[in-house]
file data.txt (compact mmCIF, C-alpha atoms)
# COMPACT_ATOMS: atom_id res chain seq x y z
CA MET A 1 -259.99 -31.06 14.73
CA SER A 2 -256.27 -30.82 15.50
CA HIS A 3 -254.07 -28.16 13.97
CA PRO A 4 -251.68 -29.67 11.40
CA LEU A 5 -248.73 -28.70 13.62
CA SER A 6 -250.25 -29.55 16.97
CA SER A 7 -248.34 -31.82 19.36
CA THR A 8 -250.59 -34.76 18.54
CA SER A 9 -249.41 -34.76 14.88
CA LEU A 10 -245.65 -34.50 15.56
CA PRO A 11 -243.46 -37.64 15.67
CA SER A 12 -242.25 -38.71 19.09
CA LEU A 13 -238.69 -38.07 20.26
CA GLY A 14 -237.98 -41.81 19.96
CA VAL A 15 -239.10 -41.86 16.34
CA ILE A 16 -236.94 -38.81 15.57
CA ARG A 17 -233.88 -40.47 17.09
CA THR A 18 -234.57 -43.66 15.14
CA LEU A 19 -234.79 -41.68 11.89
CA GLN A 20 -231.57 -39.84 12.74
CA SER A 21 -229.77 -43.15 13.38
CA ALA A 22 -231.04 -44.62 10.12
CA LEU A 23 -229.90 -41.52 8.23
CA CYS A 24 -226.43 -41.67 9.80
CA LEU A 25 -226.15 -45.37 8.97
CA SER A 26 -227.24 -44.72 5.38
CA ILE A 27 -224.60 -41.99 4.99
CA LEU A 28 -221.95 -44.24 6.51
CA LEU A 29 -222.78 -47.16 4.24
CA SER A 30 -222.86 -44.96 1.15
CA SER A 31 -219.36 -43.68 1.96
CA MET A 32 -217.88 -47.16 2.46
CA PRO A 33 -216.16 -48.86 -0.49
CA LEU A 34 -217.92 -51.82 -2.03
CA THR A 35 -216.52 -55.23 -1.10
CA ALA A 36 -213.72 -56.06 -3.49
CA GLN A 37 -214.41 -58.97 -5.80
CA GLU A 38 -211.56 -61.44 -5.56
CA TRP A 39 -210.06 -64.14 -7.79
CA ARG A 40 -208.91 -66.61 -5.16
CA GLN A 41 -208.29 -69.65 -7.32
CA TRP A 42 -207.94 -71.07 -10.80
CA ARG A 43 -210.59 -69.64 -13.14
CA GLY A 44 -212.13 -67.40 -10.51
CA PRO A 45 -214.74 -67.69 -7.76
CA GLU A 46 -216.45 -70.87 -9.01
CA ARG A 47 -213.78 -72.23 -11.37
CA THR A 48 -215.91 -71.27 -14.37
CA GLY A 49 -213.75 -68.49 -15.79
CA HIS A 50 -216.40 -65.98 -14.68
CA SER A 51 -215.68 -62.85 -12.67
CA LYS A 52 -218.57 -61.40 -10.67
CA GLU A 53 -217.35 -57.86 -11.36
CA THR A 54 -219.79 -55.31 -12.76
CA GLY A 55 -219.45 -51.67 -13.76
CA LEU A 56 -216.51 -52.41 -16.05
CA LEU A 57 -215.51 -50.66 -19.26
CA LYS A 58 -217.78 -51.54 -22.19
CA SER A 59 -215.11 -50.60 -24.71
CA TRP A 60 -211.40 -49.90 -24.65
CA PRO A 61 -209.78 -46.78 -26.05
CA GLU A 62 -206.89 -47.02 -28.49
CA GLY A 63 -203.87 -48.14 -26.52
CA GLY A 64 -206.01 -49.95 -23.97
CA PRO A 65 -207.11 -49.27 -20.40
CA LYS A 66 -204.94 -47.39 -17.92
CA LEU A 67 -201.81 -49.33 -16.91
CA LEU A 68 -201.48 -48.99 -13.13
CA TRP A 69 -198.25 -50.88 -12.53
CA THR A 70 -195.84 -53.47 -13.86
CA ALA A 71 -194.10 -56.05 -11.66
CA GLN A 72 -190.85 -57.51 -12.95
CA GLY A 73 -188.49 -60.21 -11.80
CA LEU A 74 -191.22 -62.77 -11.05
CA GLY A 75 -189.28 -65.68 -12.55
CA THR A 76 -190.22 -68.19 -15.24
CA GLY A 77 -193.46 -70.05 -15.74
CA ASN A 78 -197.08 -69.86 -16.84
CA SER A 79 -198.73 -69.72 -13.41
CA THR A 80 -201.89 -67.61 -13.66
CA PRO A 81 -202.07 -65.39 -10.55
CA SER A 82 -204.76 -65.33 -7.88
CA VAL A 83 -205.90 -62.19 -6.05
CA SER A 84 -207.10 -61.99 -2.44
CA GLY A 85 -206.75 -59.84 0.68
CA GLY A 86 -204.93 -57.04 -1.09
CA LYS A 87 -202.26 -59.35 -2.49
CA VAL A 88 -201.52 -61.06 -5.80
CA PHE A 89 -200.08 -64.59 -5.55
CA GLY A 90 -198.25 -66.81 -8.02
CA LEU A 91 -195.52 -69.42 -8.58
CA SER A 92 -192.28 -69.30 -10.55
CA TYR A 93 -188.88 -70.80 -11.08
CA ARG A 94 -186.13 -68.50 -9.84
CA GLY A 95 -182.75 -69.98 -10.58
CA ASN A 96 -182.60 -73.36 -8.86
CA ASP A 97 -185.67 -72.73 -6.71
CA GLU A 98 -189.42 -72.99 -7.22
CA VAL A 99 -191.06 -70.22 -5.22
CA VAL A 100 -194.47 -68.92 -4.25
CA TRP A 101 -194.60 -65.13 -4.25
CA ALA A 102 -196.96 -62.42 -3.03
CA LEU A 103 -197.23 -58.88 -4.39
CA ASP A 104 -199.01 -55.81 -3.03
CA ALA A 105 -202.12 -55.50 -5.23
CA LYS A 106 -201.97 -51.68 -5.11
CA THR A 107 -198.35 -51.25 -6.15
CA GLY A 108 -197.05 -54.54 -7.56
CA LYS A 109 -194.20 -54.51 -5.02
CA GLU A 110 -193.15 -57.91 -3.72
CA VAL A 111 -194.30 -58.63 -0.16
CA TRP A 112 -192.66 -62.04 0.20
CA ALA A 113 -191.29 -64.97 -1.77
CA VAL A 114 -190.75 -68.45 -0.28
CA ARG A 115 -189.02 -71.48 -1.76
CA ILE A 116 -191.23 -74.59 -1.85
CA ALA A 117 -189.03 -76.97 -3.85
CA ALA A 118 -186.00 -77.32 -6.08
CA ALA A 119 -186.61 -76.21 -9.65
CA ASN A 120 -185.25 -79.48 -10.95
CA PHE A 121 -188.07 -80.40 -13.31
CA ARG A 122 -186.98 -78.95 -16.63
CA ILE A 123 -188.98 -79.24 -19.82
CA GLY A 124 -186.04 -78.31 -22.01
CA ARG A 125 -187.89 -75.55 -23.83
CA GLN A 126 -187.27 -72.07 -22.44
CA ALA A 127 -190.76 -70.83 -23.27
CA HIS A 128 -192.42 -73.33 -20.96
CA ASP A 129 -189.92 -73.96 -18.16
CA GLY A 130 -191.35 -73.05 -14.78
CA SER A 131 -194.50 -73.32 -12.69
CA GLY A 132 -197.95 -73.83 -14.19
CA SER A 133 -200.28 -73.97 -11.17
CA THR A 134 -202.44 -71.20 -9.70
CA PRO A 135 -202.37 -70.83 -5.90
CA THR A 136 -205.69 -71.28 -4.10
CA ILE A 137 -206.49 -68.85 -1.28
CA GLU A 138 -208.84 -69.79 1.55
CA GLY A 139 -208.99 -67.50 4.57
CA THR A 140 -205.45 -66.88 5.82
CA ARG A 141 -204.05 -69.96 4.07
CA LEU A 142 -202.70 -70.58 0.60
CA TYR A 143 -202.43 -73.93 -1.20
CA ALA A 144 -200.00 -74.38 -4.09
CA LEU A 145 -198.68 -77.25 -6.19
CA GLY A 146 -195.19 -77.27 -7.68
CA THR A 147 -194.19 -78.94 -10.94
CA SER A 148 -192.59 -81.93 -9.19
CA GLY A 149 -195.68 -82.60 -7.07
CA ASP A 150 -194.86 -80.58 -3.96
CA LEU A 151 -198.22 -79.62 -2.43
CA VAL A 152 -197.88 -76.96 0.27
CA CYS A 153 -200.14 -75.11 2.68
CA MET A 154 -198.79 -71.65 3.55
CA GLU A 155 -199.73 -68.56 5.55
CA THR A 156 -200.78 -65.74 3.23
CA ALA A 157 -199.31 -63.09 5.56
CA ASP A 158 -195.68 -64.18 5.30
CA GLY A 159 -195.46 -67.42 3.29
CA ARG A 160 -194.71 -69.63 6.28
CA ILE A 161 -195.18 -73.28 5.30
CA VAL A 162 -197.76 -75.01 7.53
CA TRP A 163 -197.58 -78.49 5.98
CA ARG A 164 -196.41 -80.19 2.82
CA LYS A 165 -196.98 -83.39 0.86
CA ASN A 166 -195.48 -84.72 -2.34
CA LEU A 167 -197.83 -86.36 -4.84
CA VAL A 168 -195.16 -88.79 -6.03
CA ARG A 169 -193.49 -89.75 -2.75
CA ASP A 170 -196.61 -89.80 -0.56
CA PHE A 171 -199.25 -91.08 -3.00
CA GLY A 172 -197.50 -93.00 -5.76
CA GLY A 173 -198.19 -90.48 -8.51
CA SER A 174 -195.92 -89.85 -11.49
CA VAL A 175 -194.94 -86.43 -12.77
CA PRO A 176 -196.65 -85.70 -16.12
CA GLN A 177 -194.42 -85.06 -19.14
CA TRP A 178 -194.55 -81.28 -18.65
CA GLY A 179 -194.83 -81.27 -14.87
CA TYR A 180 -197.78 -81.06 -12.51
CA SER A 181 -199.92 -78.06 -13.49
CA GLU A 182 -203.08 -78.68 -11.47
CA SER A 183 -204.41 -75.92 -9.21
CA PRO A 184 -205.53 -77.41 -5.86
CA LEU A 185 -209.24 -77.28 -5.00
CA VAL A 186 -210.28 -76.27 -1.46
CA ASP A 187 -213.76 -77.45 -0.49
CA GLY A 188 -214.96 -77.16 3.10
CA ASP A 189 -212.45 -78.82 5.40
CA ARG A 190 -210.46 -80.47 2.62
CA VAL A 191 -208.08 -79.84 -0.24
CA ILE A 192 -208.31 -81.99 -3.40
CA ALA A 193 -205.40 -82.90 -5.66
CA THR A 194 -204.66 -85.41 -8.44
CA PRO A 195 -201.52 -87.56 -8.00
CA GLY A 196 -202.67 -90.02 -10.69
CA GLY A 197 -201.73 -93.70 -10.94
CA SER A 198 -203.03 -96.86 -9.32
CA SER A 199 -202.78 -95.88 -5.64
CA ALA A 200 -204.45 -92.49 -5.60
CA GLY A 201 -205.94 -91.08 -8.76
CA MET A 202 -207.34 -88.27 -6.60
CA VAL A 203 -206.83 -87.51 -2.91
CA ALA A 204 -208.75 -85.53 -0.32
CA LEU A 205 -206.60 -84.11 2.48
CA ASN A 206 -207.49 -82.24 5.65
CA LYS A 207 -206.79 -78.64 4.73
CA ALA A 208 -205.52 -77.78 8.22
CA THR A 209 -203.11 -80.70 8.66
CA GLY A 210 -202.60 -82.45 5.32
CA ASP A 211 -203.87 -85.74 6.78
CA VAL A 212 -205.49 -88.12 4.28
CA ILE A 213 -209.30 -88.22 4.26
CA TRP A 214 -209.61 -90.57 1.28
CA LYS A 215 -207.79 -91.85 -1.79
CA ALA A 216 -209.74 -92.43 -4.99
CA GLN A 217 -208.78 -95.30 -7.27
CA ILE A 218 -209.72 -94.68 -10.89
CA PRO A 219 -210.37 -97.67 -13.20
CA GLY A 220 -207.69 -97.51 -15.88
CA ASN A 221 -205.16 -96.05 -13.42
CA ASP A 222 -205.09 -92.74 -15.28
CA ASP A 223 -202.12 -90.47 -14.73
CA ALA A 224 -202.69 -86.82 -13.92
CA GLY A 225 -203.36 -84.55 -16.87
CA TYR A 226 -202.93 -80.77 -16.79
CA SER A 227 -206.47 -79.86 -15.78
CA SER A 228 -207.96 -78.98 -12.37
CA VAL A 229 -210.83 -80.44 -10.33
CA ILE A 230 -214.28 -78.84 -10.30
CA ILE A 231 -217.28 -79.45 -8.02
CA ALA A 232 -220.54 -80.68 -9.56
CA THR A 233 -223.79 -81.77 -7.92
CA ILE A 234 -225.07 -84.51 -10.23
CA HIS A 235 -228.51 -86.00 -9.58
CA GLY A 236 -228.26 -84.71 -6.02
CA GLN A 237 -224.80 -86.18 -5.35
CA LYS A 238 -221.81 -83.90 -4.84
CA GLN A 239 -218.90 -85.03 -6.98
CA TYR A 240 -215.38 -83.98 -7.88
CA VAL A 241 -214.80 -83.98 -11.64
CA GLN A 242 -211.34 -84.09 -13.23
CA PHE A 243 -209.92 -84.39 -16.76
CA MET A 244 -207.13 -86.99 -16.44
CA SER A 245 -204.81 -88.61 -18.97
CA GLY A 246 -207.45 -91.02 -20.29
CA GLY A 247 -210.64 -89.02 -19.94
CA VAL A 248 -212.97 -87.07 -17.67
CA VAL A 249 -213.85 -88.83 -14.41
CA GLY A 250 -216.20 -88.21 -11.50
CA VAL A 251 -215.88 -89.43 -7.90
CA ASP A 252 -218.15 -89.14 -4.89
CA ALA A 253 -217.02 -86.10 -2.89
CA ALA A 254 -217.76 -87.70 0.47
CA THR A 255 -215.96 -91.01 -0.05
CA GLY A 256 -213.83 -90.78 -3.19
CA LYS A 257 -215.70 -93.70 -4.73
CA PHE A 258 -215.41 -93.77 -8.51
CA SER A 259 -218.67 -92.92 -10.27
CA TRP A 260 -218.25 -92.49 -14.07
CA ARG A 261 -215.91 -91.58 -16.91
CA TYR A 262 -216.13 -89.99 -20.38
CA ASP A 263 -213.13 -90.63 -22.64
CA SER A 264 -213.99 -89.14 -26.05
CA PRO A 265 -212.49 -85.66 -25.40
CA ALA A 266 -209.10 -87.06 -24.34
CA ASN A 267 -206.01 -87.10 -26.54
CA GLY A 268 -202.79 -89.02 -26.03
CA VAL A 269 -200.57 -85.98 -25.46
CA ALA A 270 -201.99 -83.40 -23.03
CA ASN A 271 -205.48 -82.82 -21.63
CA CYS A 272 -205.40 -79.27 -20.26
CA SER A 273 -208.81 -77.58 -20.30
CA THR A 274 -211.11 -77.63 -17.29
CA PRO A 275 -214.46 -79.39 -17.91
CA ILE A 276 -217.73 -77.45 -17.92
CA TYR A 277 -220.68 -78.73 -15.89
CA VAL A 278 -224.26 -77.89 -16.90
CA ASN A 279 -227.57 -79.58 -16.00
CA ASP A 280 -226.28 -83.07 -15.11
CA SER A 281 -224.01 -82.99 -18.17
CA ILE A 282 -220.30 -82.49 -18.77
CA PHE A 283 -218.66 -80.74 -21.71
CA ALA A 284 -214.94 -81.30 -22.17
CA ALA A 285 -212.49 -80.65 -24.98
CA SER A 286 -208.82 -80.93 -25.85
CA GLY A 287 -206.39 -79.98 -28.60
CA TYR A 288 -204.10 -82.04 -30.81
CA ASN A 289 -206.83 -82.29 -33.45
CA THR A 290 -209.29 -83.89 -31.04
CA GLY A 291 -212.25 -81.65 -30.18
CA GLY A 292 -214.95 -81.73 -27.54
CA GLY A 293 -218.17 -83.40 -26.57
CA LEU A 294 -221.16 -83.22 -24.28
CA ALA A 295 -222.04 -86.23 -22.13
CA LYS A 296 -225.30 -86.67 -20.23
CA LEU A 297 -224.82 -88.31 -16.84
CA THR A 298 -227.51 -90.80 -15.87
CA LYS A 299 -228.02 -92.99 -12.83
CA THR A 300 -227.34 -96.71 -12.97
CA GLY A 301 -227.87 -99.46 -10.42
CA ASN A 302 -224.53 -98.92 -8.69
CA GLY A 303 -223.46 -95.50 -9.83
CA MET A 304 -223.66 -93.36 -12.94
CA LYS A 305 -222.72 -93.53 -16.59
CA ALA A 306 -221.85 -90.93 -19.20
CA GLU A 307 -223.84 -91.06 -22.44
CA GLU A 308 -222.51 -88.92 -25.26
CA VAL A 309 -224.99 -86.39 -26.68
CA TYR A 310 -222.69 -85.14 -29.45
CA PHE A 311 -219.03 -84.72 -30.35
CA THR A 312 -217.55 -81.89 -32.42
CA ARG A 313 -214.19 -81.24 -34.03
CA ASN A 314 -214.98 -77.52 -33.84
CA MET A 315 -213.69 -77.02 -30.29
CA ARG A 316 -210.08 -78.26 -30.32
CA ASN A 317 -209.33 -76.37 -27.14
CA HIS A 318 -205.68 -76.79 -26.20
CA HIS A 319 -204.82 -74.84 -23.02
CA GLY A 320 -207.00 -71.70 -23.15
CA ASN A 321 -210.14 -73.16 -21.56
CA MET A 322 -213.73 -72.18 -22.30
CA VAL A 323 -216.50 -70.19 -20.61
CA LEU A 324 -220.23 -70.92 -20.62
CA VAL A 325 -222.53 -67.90 -20.91
CA GLY A 326 -226.20 -68.79 -21.13
CA ASP A 327 -226.49 -71.67 -23.61
CA TYR A 328 -223.23 -70.86 -25.39
CA ILE A 329 -219.62 -71.91 -24.92
CA TYR A 330 -216.91 -69.42 -25.90
CA GLY A 331 -213.37 -70.70 -26.41
CA PHE A 332 -210.54 -71.07 -28.89
CA ASP A 333 -210.81 -73.88 -31.43
CA GLU A 334 -207.08 -73.81 -32.14
CA SER A 335 -206.67 -70.24 -33.53
CA ASN A 336 -210.37 -69.41 -33.96
CA LEU A 337 -212.44 -67.88 -31.17
CA THR A 338 -215.63 -69.92 -31.39
CA CYS A 339 -219.17 -69.58 -30.05
CA LEU A 340 -220.84 -72.98 -29.75
CA ASN A 341 -224.33 -73.97 -28.61
CA VAL A 342 -223.73 -76.23 -25.61
CA LYS A 343 -227.00 -78.12 -26.13
CA THR A 344 -226.49 -79.03 -29.78
CA GLY A 345 -222.83 -78.48 -30.62
CA GLU A 346 -223.81 -76.16 -33.47
CA ILE A 347 -221.47 -73.24 -34.21
CA ALA A 348 -223.03 -69.78 -33.83
CA TRP A 349 -219.90 -68.01 -35.09
CA ARG A 350 -216.13 -68.22 -35.26
CA ASP A 351 -213.49 -65.53 -35.79
CA ARG A 352 -209.71 -65.34 -35.98
CA SER A 353 -209.87 -62.63 -33.29
CA VAL A 354 -206.45 -62.41 -31.62
CA GLY A 355 -205.38 -65.93 -32.57
CA LYS A 356 -204.95 -68.94 -30.31
CA GLY A 357 -205.16 -68.09 -26.63
CA SER A 358 -207.19 -68.09 -23.43
CA VAL A 359 -210.52 -66.64 -22.28
CA SER A 360 -212.19 -65.22 -19.17
CA TYR A 361 -215.60 -63.58 -18.76
CA ALA A 362 -216.88 -60.51 -16.91
CA ASP A 363 -219.84 -58.13 -17.12
CA GLY A 364 -221.13 -59.27 -20.52
CA PHE A 365 -217.76 -59.59 -22.25
CA ILE A 366 -215.19 -62.20 -23.19
CA TYR A 367 -211.60 -61.25 -22.42
CA ALA A 368 -209.72 -63.06 -25.20
CA ARG A 369 -205.96 -63.15 -24.78
CA SER A 370 -203.61 -64.35 -27.51
CA GLU A 371 -200.66 -66.51 -26.53
CA ARG A 372 -198.70 -64.15 -28.82
CA GLY A 373 -199.64 -61.02 -26.88
CA PRO A 374 -202.77 -59.03 -27.86
CA ILE A 375 -205.94 -59.12 -25.75
CA ALA A 376 -209.41 -58.22 -27.06
CA LEU A 377 -212.71 -57.27 -25.43
CA VAL A 378 -215.47 -59.22 -27.20
CA GLN A 379 -219.21 -59.09 -26.57
CA ALA A 380 -220.56 -62.38 -25.24
CA THR A 381 -223.38 -62.80 -27.74
CA PRO A 382 -224.25 -65.62 -30.14
CA GLU A 383 -225.33 -63.02 -32.72
CA GLY A 384 -221.81 -62.55 -34.05
CA TYR A 385 -218.27 -61.47 -33.27
CA VAL A 386 -218.28 -57.93 -31.92
CA GLU A 387 -214.92 -56.59 -30.74
CA LYS A 388 -214.89 -53.49 -28.49
CA GLY A 389 -211.16 -52.88 -28.32
CA ARG A 390 -207.79 -54.56 -28.16
CA PHE A 391 -204.28 -53.76 -26.98
CA ASP A 392 -200.95 -55.42 -26.28
CA THR A 393 -198.83 -55.37 -23.15
CA PRO A 394 -195.56 -53.43 -23.44
CA ASN A 395 -192.10 -54.99 -23.56
CA ARG A 396 -193.31 -58.41 -24.65
CA SER A 397 -191.13 -61.33 -23.62
CA GLY A 398 -191.32 -62.86 -27.09
CA LYS A 399 -192.41 -66.20 -25.63
CA THR A 400 -195.84 -67.76 -26.03
CA THR A 401 -197.89 -66.88 -22.96
CA TRP A 402 -200.35 -69.39 -21.54
CA THR A 403 -201.51 -67.49 -18.46
CA HIS A 404 -205.19 -66.48 -18.42
CA PRO A 405 -206.74 -63.03 -17.91
CA VAL A 406 -207.64 -62.35 -14.27
CA ILE A 407 -210.37 -59.80 -13.38
CA ALA A 408 -210.57 -58.70 -9.74
CA ASP A 409 -211.54 -55.49 -7.90
CA GLY A 410 -211.93 -53.54 -11.13
CA LYS A 411 -208.48 -54.58 -12.34
CA LEU A 412 -207.24 -56.75 -15.19
CA TYR A 413 -204.09 -58.76 -14.48
CA LEU A 414 -201.99 -60.14 -17.34
CA ARG A 415 -198.83 -62.12 -16.74
CA ASP A 416 -196.10 -62.45 -19.37
CA HIS A 417 -193.62 -64.89 -17.80
CA ASP A 418 -191.25 -62.66 -15.75
CA GLN A 419 -193.68 -59.70 -15.77
CA LEU A 420 -197.16 -58.96 -14.45
CA PHE A 421 -199.27 -56.05 -15.69
CA CYS A 422 -202.19 -54.49 -13.78
CA TYR A 423 -204.79 -52.42 -15.67
CA GLU A 424 -207.69 -50.30 -14.41
CA ILE A 425 -210.90 -51.46 -16.14
CA ARG A 426 -213.62 -49.82 -14.05
CA SER A 427 -216.10 -47.80 -16.05
CA GLY A 428 -214.95 -44.17 -16.33
CA SER A 429 -211.25 -44.97 -15.84
CA ALA A 430 -208.66 -43.11 -17.89
CA VAL A 431 -206.70 -44.40 -20.88
CA SER A 432 -203.18 -45.70 -20.57
CA ARG A 433 -201.49 -43.52 -23.17

call {"tool": "encode", "arguments": {"input": "data.txt", "output": "structure tokens"}}
result
Amino acid sequence: MSHPLSSTSLPSLGVIRTLQSALCLSILLSSMPLTAQEWRQWRGPERTGHSKETGLLKSWPEGGPKLLWTAQGLGTGNSTPSVSGGKVFGLSYRGNDEVVWALDAKTGKEVWAVRIAAANFRIGRQAHDGSGSTPTIEGTRLYALGTSGDLVCMETADGRIVWRKNLVRDFGGSVPQWGYSESPLVDGDRVIATPGGSSAGMVALNKATGDVIWKAQIPGNDDAGYSSVIIATIHGQKQYVQFMSGGVVGVDAATGKFSWRYDSPANGVANCSTPIYVNDSIFAASGYNTGGGLAKLTKTGNGMKAEEVYFTRNMRNHHGNMVLVGDYIYGFDESNLTCLNVKTGEIAWRDRSVGKGSVSYADGFIYARSERGPIALVQATPEGYVEKGRFDTPNRSGKTTWTHPVIADGKLYLRDHDQLFCYEIRSGSAVSR
């Protein structure tokens, strides 16, 4: 019988070196920072309003989370920022120019700002003059749409313009009453935008060159609304879904061929909110005393059709959008934050909360931001309204604010027209005051 410490019971030199290497690798990996979660486009990673962040504060102290920095002098507009590669990107009017800008995400200092068009589309109301689109970041490129329909591809490093198109001049679109506000969708080798009109309701362009891949003609010749395209795989077919002036439409992603439409959620003034896709169904809603509905999409002989499951006046969602968590939609029905069962349309609860505004979701909570200023942290549960803190940004502009909360890399970004605020919301972070 061998002694417990005899040579036959000891690991070989090769095994020892392997264990040493594994230990060194483990130590190295444990010391490396986790990959930052980014917000590269409108409504986050999948255009659902969901951040994939975890480990965030479960409640806010009085006065709110720690304010890391404030950027000022951004210009006018309601462009919700995007965050990628250590930079924060957005659009604004600055004097007579419409510009895309980039800030350092650590400090809020401007890295670059590049003119993309003349700021000659004026609404006539100071509170809403300026850009409304969110830039889309893909690799080292950025895609942005100005209010007059100027679609540009730019280098994220320095803002150099790679190519440009104009949705009116190049595709026969017409500028909506309050300007183009769509945020371009990048999908694979293409970028999708919505000129509207009879020639090209939607277009797919080569993302590298801007060359046309297809133009989609929409029955009814809908103009562009103020919503943005989402991707949905419906009965095995990949489609692009958009809320246009007359209703929600779907086209085949490969060819641009029209597939279906659902008109009940549309109003005659402004369709703003991004549709929600769930289990071969579409939920869409709008304001102006309209409401929202769920439509089941079914196959037909030569395409698909939308069959309404229910319609409710209890989700008159104007511009703040909605998020789906489990079987429940959370969004503002005018001034009431509302939790609605997506399958039935039944209301689980509603609360005045912070008043009319916008919503995003992260780590079990709804971030509910009032267009008048305050933002609240609300548990995403159908059991009832549970608020875990609220605060207001300093030095409010006094204008209604339609930009949405952005959650990226443990930070909360809130834009108030000319200003952008960055808050630390990781668990264990200090208070702001």

call {"tool": "closest_residue", "arguments": {"input": "data.txt", "among": "A:Phe332, A:Phe311, A:Trp260, A:Tyr143", "to": "Asp351 of chain A", "atoms": "only C-alpha atoms"}}
result
A:Phe332

call {"tool": "closest_residue", "arguments": {"input": "data.txt", "among": "A:Ile213, A:Val251, A:Gln239, A:Ala102", "to": "Arg160 of chain A", "atoms": "all atoms listed in the file"}}
result
A:Ala102

call {"tool": "atom_distance", "arguments": {"input": "data.txt", "atom1": "atom CA of Lys356 of chain A", "atom2": "atom CA of Gln379 of chain A"}}
result
17.7 Å

call {"tool": "closest_residue", "arguments": {"input": "data.txt", "among": "A:Ser245, A:Glu138, A:His128, A:Thr156", "to": "Asp104 of chain A", "atoms": "all atoms listed in the file"}}
result
A:Thr156

call {"tool": "closest_residue", "arguments": {"input": "data.txt", "among": "A:Trp60, A:Tyr330, A:Phe365, A:Tyr423", "to": "Thr393 of chain A", "atoms": "all atoms listed in the file"}}
result
A:Tyr423

call {"tool": "closest_residue", "arguments": {"input": "data.txt", "among": "A:Gly64, A:Gly132, A:Gly291, A:Gly201", "to": "Tyr240 of chain A", "atoms": "all atoms listed in the file"}}
result
A:Gly201

call {"tool": "residues_around", "arguments": {"input": "data.txt", "residues": "Ala285 of chain A", "least_positions_apart": "6", "cutoff": "10 Å", "atoms": "only C-alpha atoms", "output": "PDB file with C-alpha atoms, in the coordinates of the input"}}
result
ATOM      1  CA  PHE A 243    -209.920 -84.390 -16.760  1.00  0.00           C
ATOM      2  CA  GLY A 247    -210.640 -89.020 -19.940  1.00  0.00           C
ATOM      3  CA  VAL A 248    -212.970 -87.070 -17.670  1.00  0.00           C
ATOM      4  CA  SER A 264    -213.990 -89.140 -26.050  1.00  0.00           C
ATOM      5  CA  PRO A 265    -212.490 -85.660 -25.400  1.00  0.00           C
ATOM      6  CA  ALA A 266    -209.100 -87.060 -24.340  1.00  0.00           C
ATOM      7  CA  ASN A 267    -206.010 -87.100 -26.540  1.00  0.00           C
ATOM      8  CA  ASN A 271    -205.480 -82.820 -21.630  1.00  0.00           C
ATOM      9  CA  CYS A 272    -205.400 -79.270 -20.260  1.00  0.00           C
ATOM     10  CA  SER A 273    -208.810 -77.580 -20.300  1.00  0.00           C
ATOM     11  CA  THR A 274    -211.110 -77.630 -17.290  1.00  0.00           C
ATOM     12  CA  PRO A 275    -214.460 -79.390 -17.910  1.00  0.00           C
ATOM     13  CA  ILE A 276    -217.730 -77.450 -17.920  1.00  0.00           C
ATOM     14  CA  GLY A 291    -212.250 -81.650 -30.180  1.00  0.00           C
ATOM     15  CA  GLY A 292    -214.950 -81.730 -27.540  1.00  0.00           C
ATOM     16  CA  GLY A 293    -218.170 -83.400 -26.570  1.00  0.00           C
ATOM     17  CA  LEU A 294    -221.160 -83.220 -24.280  1.00  0.00           C
ATOM     18  CA  PHE A 311    -219.030 -84.720 -30.350  1.00  0.00           C
ATOM     19  CA  THR A 312    -217.550 -81.890 -32.420  1.00  0.00           C
ATOM     20  CA  ARG A 313    -214.190 -81.240 -34.030  1.00  0.00           C
ATOM     21  CA  ASN A 314    -214.980 -77.520 -33.840  1.00  0.00           C
ATOM     22  CA  MET A 315    -213.690 -77.020 -30.290  1.00  0.00           C
ATOM     23  CA  ARG A 316    -210.080 -78.260 -30.320  1.00  0.00           C
ATOM     24  CA  ASN A 317    -209.330 -76.370 -27.140  1.00  0.00           C
ATOM     25  CA  HIS A 318    -205.680 -76.790 -26.200  1.00  0.00           C
ATOM     26  CA  HIS A 319    -204.820 -74.840 -23.020  1.00  0.00           C
ATOM     27  CA  ASN A 321    -210.140 -73.160 -21.560  1.00  0.00           C
ATOM     28  CA  MET A 322    -213.730 -72.180 -22.300  1.00  0.00           C
ATOM     29  CA  ASP A 333    -210.810 -73.880 -31.430  1.00  0.00           C
TER      30      ASP A 333
END

call {"tool": "decode", "arguments": {"input": "data.txt", "residues": "segment 188-193 of chain A", "atoms": "N, CA and C atoms", "output": "mmCIF file, in the first residue's frame"}}
result
data_model
loop_
_atom_site.group_PDB
_atom_site.id
_atom_site.type_symbol
_atom_site.label_atom_id
_atom_site.label_comp_id
_atom_site.auth_asym_id
_atom_site.auth_seq_id
_atom_site.Cartn_x
_atom_site.Cartn_y
_atom_site.Cartn_z
ATOM 1 N N GLY A 188 -28.777 43.821 -39.708
ATOM 2 C CA GLY A 188 -27.858 43.146 -40.615
ATOM 3 C C GLY A 188 -27.121 44.136 -41.487
ATOM 4 N N ASP A 189 -27.260 43.977 -42.803
ATOM 5 C CA ASP A 189 -26.529 44.842 -43.735
ATOM 6 C C ASP A 189 -27.337 46.048 -44.168
ATOM 7 N N ARG A 190 -28.454 46.317 -43.515
ATOM 8 C CA ARG A 190 -29.348 47.372 -43.992
ATOM 9 C C ARG A 190 -29.795 48.314 -42.897
ATOM 10 N N VAL A 191 -30.250 49.483 -43.318
ATOM 11 C CA VAL A 191 -30.867 50.450 -42.422
ATOM 12 C C VAL A 191 -32.265 50.727 -42.968
ATOM 13 N N ILE A 192 -33.258 50.764 -42.056
ATOM 14 C CA ILE A 192 -34.663 50.904 -42.422
ATOM 15 C C ILE A 192 -35.164 52.269 -41.976
ATOM 16 N N ALA A 193 -35.889 52.939 -42.877
ATOM 17 C CA ALA A 193 -36.487 54.234 -42.549
ATOM 18 C C ALA A 193 -37.858 54.333 -43.205
#
